[in-house]
file target.pdb (PDB, C-alpha atoms and all ligand atoms)
ATOM      1  CA  MET A   1     -12.225 -11.488  27.297  1.00  0.00           C
ATOM      2  CA  LYS A   2     -15.147 -12.670  25.210  1.00  0.00           C
ATOM      3  CA  LEU A   3     -18.812 -11.861  24.796  1.00  0.00           C
ATOM      4  CA  THR A   4     -21.391 -14.263  26.177  1.00  0.00           C
ATOM      5  CA  ASN A   5     -22.835 -14.821  22.665  1.00  0.00           C
ATOM      6  CA  GLU A   6     -20.987 -17.749  21.028  1.00  0.00           C
ATOM      7  CA  SER A   7     -22.341 -16.920  17.553  1.00  0.00           C
ATOM      8  CA  ILE A   8     -20.656 -13.503  17.593  1.00  0.00           C
ATOM      9  CA  ASN A   9     -17.498 -14.929  19.207  1.00  0.00           C
ATOM     10  CA  ASP A  10     -17.276 -17.526  16.437  1.00  0.00           C
ATOM     11  CA  LYS A  11     -17.569 -14.860  13.711  1.00  0.00           C
ATOM     12  CA  ILE A  12     -14.929 -12.680  15.415  1.00  0.00           C
ATOM     13  CA  LEU A  13     -12.568 -15.662  15.610  1.00  0.00           C
ATOM     14  CA  LYS A  14     -13.044 -16.481  11.910  1.00  0.00           C
ATOM     15  CA  LEU A  15     -12.589 -12.811  10.955  1.00  0.00           C
ATOM     16  CA  ASN A  16      -9.329 -12.604  12.917  1.00  0.00           C
ATOM     17  CA  GLU A  17      -8.060 -15.823  11.293  1.00  0.00           C
ATOM     18  CA  ALA A  18      -8.937 -14.497   7.829  1.00  0.00           C
ATOM     19  CA  GLN A  19      -7.146 -11.206   8.592  1.00  0.00           C
ATOM     20  CA  LYS A  20      -3.993 -13.069   9.638  1.00  0.00           C
ATOM     21  CA  GLU A  21      -4.134 -15.232   6.499  1.00  0.00           C
ATOM     22  CA  LEU A  22      -4.519 -12.087   4.347  1.00  0.00           C
ATOM     23  CA  GLU A  23      -1.488 -10.496   6.045  1.00  0.00           C
ATOM     24  CA  ARG A  24       0.610 -13.643   5.429  1.00  0.00           C
ATOM     25  CA  THR A  25      -0.443 -13.739   1.768  1.00  0.00           C
ATOM     26  CA  VAL A  26       0.303 -10.035   1.209  1.00  0.00           C
ATOM     27  CA  GLU A  27       3.709 -10.381   2.892  1.00  0.00           C
ATOM     28  CA  SER A  28       4.561 -13.432   0.787  1.00  0.00           C
ATOM     29  CA  VAL A  29       3.482 -11.822  -2.508  1.00  0.00           C
ATOM     30  CA  GLN A  30       5.244  -8.530  -1.725  1.00  0.00           C
ATOM     31  CA  SER A  31       8.513 -10.305  -0.872  1.00  0.00           C
ATOM     32  CA  THR A  32       8.691 -11.912  -4.330  1.00  0.00           C
ATOM     33  CA  CYS A  33       6.928  -9.303  -6.513  1.00  0.00           C
ATOM     34  CA  GLY A  34       9.043  -7.591  -9.176  1.00  0.00           C
ATOM     35  CA  HIS A  35       6.990  -4.384  -8.750  1.00  0.00           C
ATOM     36  CA  ASP A  36       6.800  -3.948 -12.532  1.00  0.00           C
ATOM     37  CA  ASN A  37       3.317  -2.401 -12.568  1.00  0.00           C
ATOM     38  CA  VAL A  38       3.572   0.880 -10.632  1.00  0.00           C
ATOM     39  CA  ALA A  39       1.261   3.904 -10.422  1.00  0.00           C
ATOM     40  CA  GLU A  40       1.909   7.291  -8.793  1.00  0.00           C
ATOM     41  CA  CYS A  41      -0.187  10.062  -7.286  1.00  0.00           C
ATOM     42  CA  ASP A  42       0.916  13.699  -7.122  1.00  0.00           C
ATOM     43  CA  TYR A  43       2.006  15.493  -3.954  1.00  0.00           C
ATOM     44  CA  LYS A  44      -0.755  17.134  -1.925  1.00  0.00           C
ATOM     45  CA  PRO A  45      -0.209  20.743  -0.832  1.00  0.00           C
ATOM     46  CA  SER A  46      -1.453  21.897   2.559  1.00  0.00           C
ATOM     47  CA  GLU A  47      -2.210  25.370   3.916  1.00  0.00           C
ATOM     48  CA  TYR A  48      -1.360  24.427   7.498  1.00  0.00           C
ATOM     49  CA  PHE A  49       1.153  21.568   7.386  1.00  0.00           C
ATOM     50  CA  ASN A  50       3.981  20.345   5.175  1.00  0.00           C
ATOM     51  CA  ALA A  51       2.805  19.047   1.809  1.00  0.00           C
ATOM     52  CA  LEU A  52       2.240  15.304   1.530  1.00  0.00           C
ATOM     53  CA  PRO A  53       4.886  13.816  -0.796  1.00  0.00           C
ATOM     54  CA  PRO A  54       4.043  11.983  -4.017  1.00  0.00           C
ATOM     55  CA  MET A  55       3.285   8.307  -3.483  1.00  0.00           C
ATOM     56  CA  ARG A  56       3.649   5.191  -5.582  1.00  0.00           C
ATOM     57  CA  VAL A  57       1.897   1.862  -5.320  1.00  0.00           C
ATOM     58  CA  CYS A  58       2.579  -1.461  -6.993  1.00  0.00           C
ATOM     59  CA  LEU A  59      -0.651  -2.387  -8.768  1.00  0.00           C
ATOM     60  CA  ASP A  60       0.253  -6.081  -8.506  1.00  0.00           C
ATOM     61  CA  CYS A  61       0.972  -6.440  -4.771  1.00  0.00           C
ATOM     62  CA  GLY A  62      -0.172  -3.210  -3.034  1.00  0.00           C
ATOM     63  CA  LEU A  63       3.239  -2.200  -1.640  1.00  0.00           C
ATOM     64  CA  SER A  64       3.363   1.607  -1.381  1.00  0.00           C
ATOM     65  CA  GLU A  65       6.139   4.163  -1.030  1.00  0.00           C
ATOM     66  CA  GLU A  66       6.369   7.927  -0.593  1.00  0.00           C
ATOM     67  CA  GLY A  67       9.127  10.071  -2.058  1.00  0.00           C
ATOM     68  CA  TRP A  68      10.057  13.310  -3.706  1.00  0.00           C
ATOM     69  CA  GLY A  69      11.496  13.284  -7.225  1.00  0.00           C
ATOM     70  CA  CYS A  70      14.069  10.512  -7.458  1.00  0.00           C
ATOM     71  CA  GLY A  71      13.581   9.648  -3.782  1.00  0.00           C
ATOM     72  CA  PHE A  72      11.815   6.359  -4.423  1.00  0.00           C
ATOM     73  CA  ARG A  73      14.007   3.465  -3.331  1.00  0.00           C
ATOM     74  CA  VAL A  74      11.913   0.375  -4.090  1.00  0.00           C
ATOM     75  CA  LEU A  75       9.269   1.462  -6.598  1.00  0.00           C
ATOM     76  CA  ARG A  76      11.714   3.078  -9.038  1.00  0.00           C
ATOM     77  CA  GLU A  77      11.305   3.370 -12.795  1.00  0.00           C
ATOM     78  CA  LYS A  78      12.438   0.137 -14.471  1.00  0.00           C
ATOM     79  CA  ILE A  79      13.232   2.124 -17.612  1.00  0.00           C
ATOM     80  CA  ALA A  80      14.858   5.557 -17.185  1.00  0.00           C
ATOM     81  CA  GLY A  81      12.470   8.355 -18.124  1.00  0.00           C
ATOM     82  CA  LEU A  82       9.416   6.102 -18.251  1.00  0.00           C
ATOM     83  CA  GLN A  83       7.064   7.619 -15.670  1.00  0.00           C
ATOM     84  CA  PRO A  84       4.509   5.522 -13.765  1.00  0.00           C
ATOM     85  CA  ARG A  85       0.846   5.813 -14.640  1.00  0.00           C
ATOM     86  CA  ARG A  86      -0.895   8.666 -12.770  1.00  0.00           C
ATOM     87  CA  ILE A  87      -3.777   7.889 -10.397  1.00  0.00           C
ATOM     88  CA  SER A  88      -5.550   9.910  -7.697  1.00  0.00           C
ATOM     89  CA  ARG A  89      -4.422   9.778  -4.063  1.00  0.00           C
ATOM     90  CA  GLU A  90      -7.826   8.350  -3.160  1.00  0.00           C
ATOM     91  CA  ASP A  91      -7.416   5.483  -5.653  1.00  0.00           C
ATOM     92  CA  LEU A  92      -3.907   4.819  -4.343  1.00  0.00           C
ATOM     93  CA  TYR A  93      -5.133   4.712  -0.737  1.00  0.00           C
ATOM     94  CA  SER A  94      -7.936   2.337  -1.721  1.00  0.00           C
ATOM     95  CA  ILE A  95      -5.589  -0.344  -3.111  1.00  0.00           C
ATOM     96  CA  ARG A  96      -2.417  -0.094  -1.027  1.00  0.00           C
ATOM     97  CA  CYS A  97      -1.865  -2.783   1.585  1.00  0.00           C
ATOM     98  CA  GLY A  98       0.918  -4.414   3.516  1.00  0.00           C
ATOM     99  CA  GLN A  99       4.336  -2.793   3.484  1.00  0.00           C
ATOM    100  CA  TYR A 100       4.507   1.038   3.391  1.00  0.00           C
ATOM    101  CA  ILE A 101       7.860   2.680   2.812  1.00  0.00           C
ATOM    102  CA  SER A 102       8.162   6.247   4.113  1.00  0.00           C
ATOM    103  CA  GLN A 103      11.021   8.680   3.593  1.00  0.00           C
TER     104      GLN A 103
HETATM  105 ZN    ZN B   1       4.712  -5.399  -6.293  1.00  0.00          ZN
END
call {"tool": "encode", "arguments": {"input": "target.pdb", "output": "structure tokens"}}
result
Amino acid sequence: MKLTNESINDKILKLNEAQKELERTVESVQSTCGHDNVAECDYKPSEYFNALPPMRVCLDCGLSEEGWGCGFRVLREKIAGLQPRRISREDLYSIRCGQYISQ
């Protein structure tokens, strides 16, 4: 169903097309990215629920993954012992997009 206003309908159509193009681009980049530029945020404790696990994000493509300790499967350290750069959970949430890998 559409609105009666064609100007708004046209903008909605263009927005939806742009969203689909963004999704295709993110999927394409993430499928070929080497994920060499990774950052990590710390776990988040909770008084009422289970703690949120640490998360990592690829700063090049936005792919994100959660995991405890060595539980990261895709965004692993390329060099043993070399830890990813630390960022806040809020910064991580602001840049992640596309594929999200949960435990
Ligand atoms: Zn990547």
call {"tool": "atom_distance", "arguments": {"input": "target.pdb", "atom1": "CA of Leu75 in chain A", "atom2": "CA of Leu63 in chain A"}}
result
8.6 Å
call {"tool": "resolve_selection", "arguments": {"input": "target.pdb", "expression": "the PyMOL selection byres (((not hetatm)) within 10 of (chain B and resi 1))", "output": "VMD selection string"}}
result
chain A and resid 26 29 to 38 57 to 64 74 to 75
call {"tool": "resolve_selection", "arguments": {"input": "target.pdb", "expression": "the PyMOL selection byres (((chain A and resi 55) around 8) and not hetatm)", "output": "MDAnalysis selection string"}}
result
chainID A and resid 40:43 53:54 56:57 64:67 89
call {"tool": "write_last_selection", "arguments": {"input": "target.pdb", "atoms": "C-alpha atoms", "output": "mmCIF file, in the frame of the given file"}}
result
data_model
loop_
_atom_site.group_PDB
_atom_site.id
_atom_site.type_symbol
_atom_site.label_atom_id
_atom_site.label_comp_id
_atom_site.auth_asym_id
_atom_site.auth_seq_id
_atom_site.Cartn_x
_atom_site.Cartn_y
_atom_site.Cartn_z
ATOM 1 C CA GLU A 40 1.909 7.291 -8.793
ATOM 2 C CA CYS A 41 -0.187 10.062 -7.286
ATOM 3 C CA ASP A 42 0.916 13.699 -7.122
ATOM 4 C CA TYR A 43 2.006 15.493 -3.954
ATOM 5 C CA PRO A 53 4.886 13.816 -0.796
ATOM 6 C CA PRO A 54 4.043 11.983 -4.017
ATOM 7 C CA ARG A 56 3.649 5.191 -5.582
ATOM 8 C CA VAL A 57 1.897 1.862 -5.320
ATOM 9 C CA SER A 64 3.363 1.607 -1.381
ATOM 10 C CA GLU A 65 6.139 4.163 -1.030
ATOM 11 C CA GLU A 66 6.369 7.927 -0.593
ATOM 12 C CA GLY A 67 9.127 10.071 -2.058
ATOM 13 C CA ARG A 89 -4.422 9.778 -4.063
#
call {"tool": "resolve_selection", "arguments": {"input": "target.pdb", "expression": "the PyMOL selection byres (((chain A and resi 84) around 7) and not hetatm)", "output": "list of chain:residue names"}}
result
A:Val38, A:Ala39, A:Glu40, A:Leu82, A:Gln83, A:Arg85, A:Arg86
call {"tool": "atom_distance", "arguments": {"input": "target.pdb", "atom1": "CA of Leu3 in chain A", "atom2": "CA of Arg24 in chain A"}}
result
27.5 Å
call {"tool": "atom_distance", "arguments": {"input": "target.pdb", "atom1": "CA of Trp68 in chain A", "atom2": "CA of Leu52 in chain A"}}
result
9.6 Å
call {"tool": "decode", "arguments": {"input": "target.pdb", "residues": "range 12-48 of chain A", "atoms": "C-alpha atoms", "output": "PDB file, in the first residue's frame"}}
result
ATOM      1  CA  ILE A  12      10.591   6.141   0.150  1.00  0.00           C
ATOM      2  CA  LEU A  13      11.285   4.184  -3.044  1.00  0.00           C
ATOM      3  CA  LYS A  14      14.719   5.800  -3.475  1.00  0.00           C
ATOM      4  CA  LEU A  15      15.544   5.222   0.209  1.00  0.00           C
ATOM      5  CA  ASN A  16      14.631   1.532  -0.064  1.00  0.00           C
ATOM      6  CA  GLU A  17      16.748   1.166  -3.226  1.00  0.00           C
ATOM      7  CA  ALA A  18      19.710   2.848  -1.515  1.00  0.00           C
ATOM      8  CA  GLN A  19      19.317   0.547   1.514  1.00  0.00           C
ATOM      9  CA  LYS A  20      19.368  -2.538  -0.720  1.00  0.00           C
ATOM     10  CA  GLU A  21      22.448  -1.248  -2.566  1.00  0.00           C
ATOM     11  CA  LEU A  22      24.196  -0.622   0.785  1.00  0.00           C
ATOM     12  CA  GLU A  23      23.382  -4.176   1.928  1.00  0.00           C
ATOM     13  CA  ARG A  24      24.781  -5.630  -1.330  1.00  0.00           C
ATOM     14  CA  THR A  25      27.963  -3.561  -0.995  1.00  0.00           C
ATOM     15  CA  VAL A  26      28.495  -4.534   2.659  1.00  0.00           C
ATOM     16  CA  GLU A  27      27.924  -8.217   1.849  1.00  0.00           C
ATOM     17  CA  SER A  28      30.365  -8.068  -1.063  1.00  0.00           C
ATOM     18  CA  VAL A  29      33.089  -6.276   0.933  1.00  0.00           C
ATOM     19  CA  GLN A  30      32.669  -8.555   3.963  1.00  0.00           C
ATOM     20  CA  SER A  31      32.934 -11.704   1.824  1.00  0.00           C
ATOM     21  CA  THR A  32      36.379 -10.689   0.528  1.00  0.00           C
ATOM     22  CA  CYS A  33      37.779  -8.682   3.478  1.00  0.00           C
ATOM     23  CA  GLY A  34      40.842 -10.120   5.222  1.00  0.00           C
ATOM     24  CA  HIS A  35      39.635  -8.661   8.553  1.00  0.00           C
ATOM     25  CA  ASP A  36      43.155  -7.437   9.347  1.00  0.00           C
ATOM     26  CA  ASN A  37      42.063  -4.294  11.205  1.00  0.00           C
ATOM     27  CA  VAL A  38      40.097  -5.474  14.259  1.00  0.00           C
ATOM     28  CA  ALA A  39      39.030  -3.686  17.452  1.00  0.00           C
ATOM     29  CA  GLU A  40      37.467  -5.162  20.602  1.00  0.00           C
ATOM     30  CA  CYS A  41      35.242  -3.925  23.406  1.00  0.00           C
ATOM     31  CA  ASP A  42      35.196  -5.438  26.896  1.00  0.00           C
ATOM     32  CA  TYR A  43      32.393  -7.597  28.285  1.00  0.00           C
ATOM     33  CA  LYS A  44      29.541  -5.747  29.983  1.00  0.00           C
ATOM     34  CA  PRO A  45      28.446  -6.997  33.411  1.00  0.00           C
ATOM     35  CA  SER A  46      24.775  -6.928  34.361  1.00  0.00           C
ATOM     36  CA  GLU A  47      23.049  -7.001  37.751  1.00  0.00           C
ATOM     37  CA  TYR A  48      19.945  -8.735  36.412  1.00  0.00           C
TER      38      TYR A  48
END
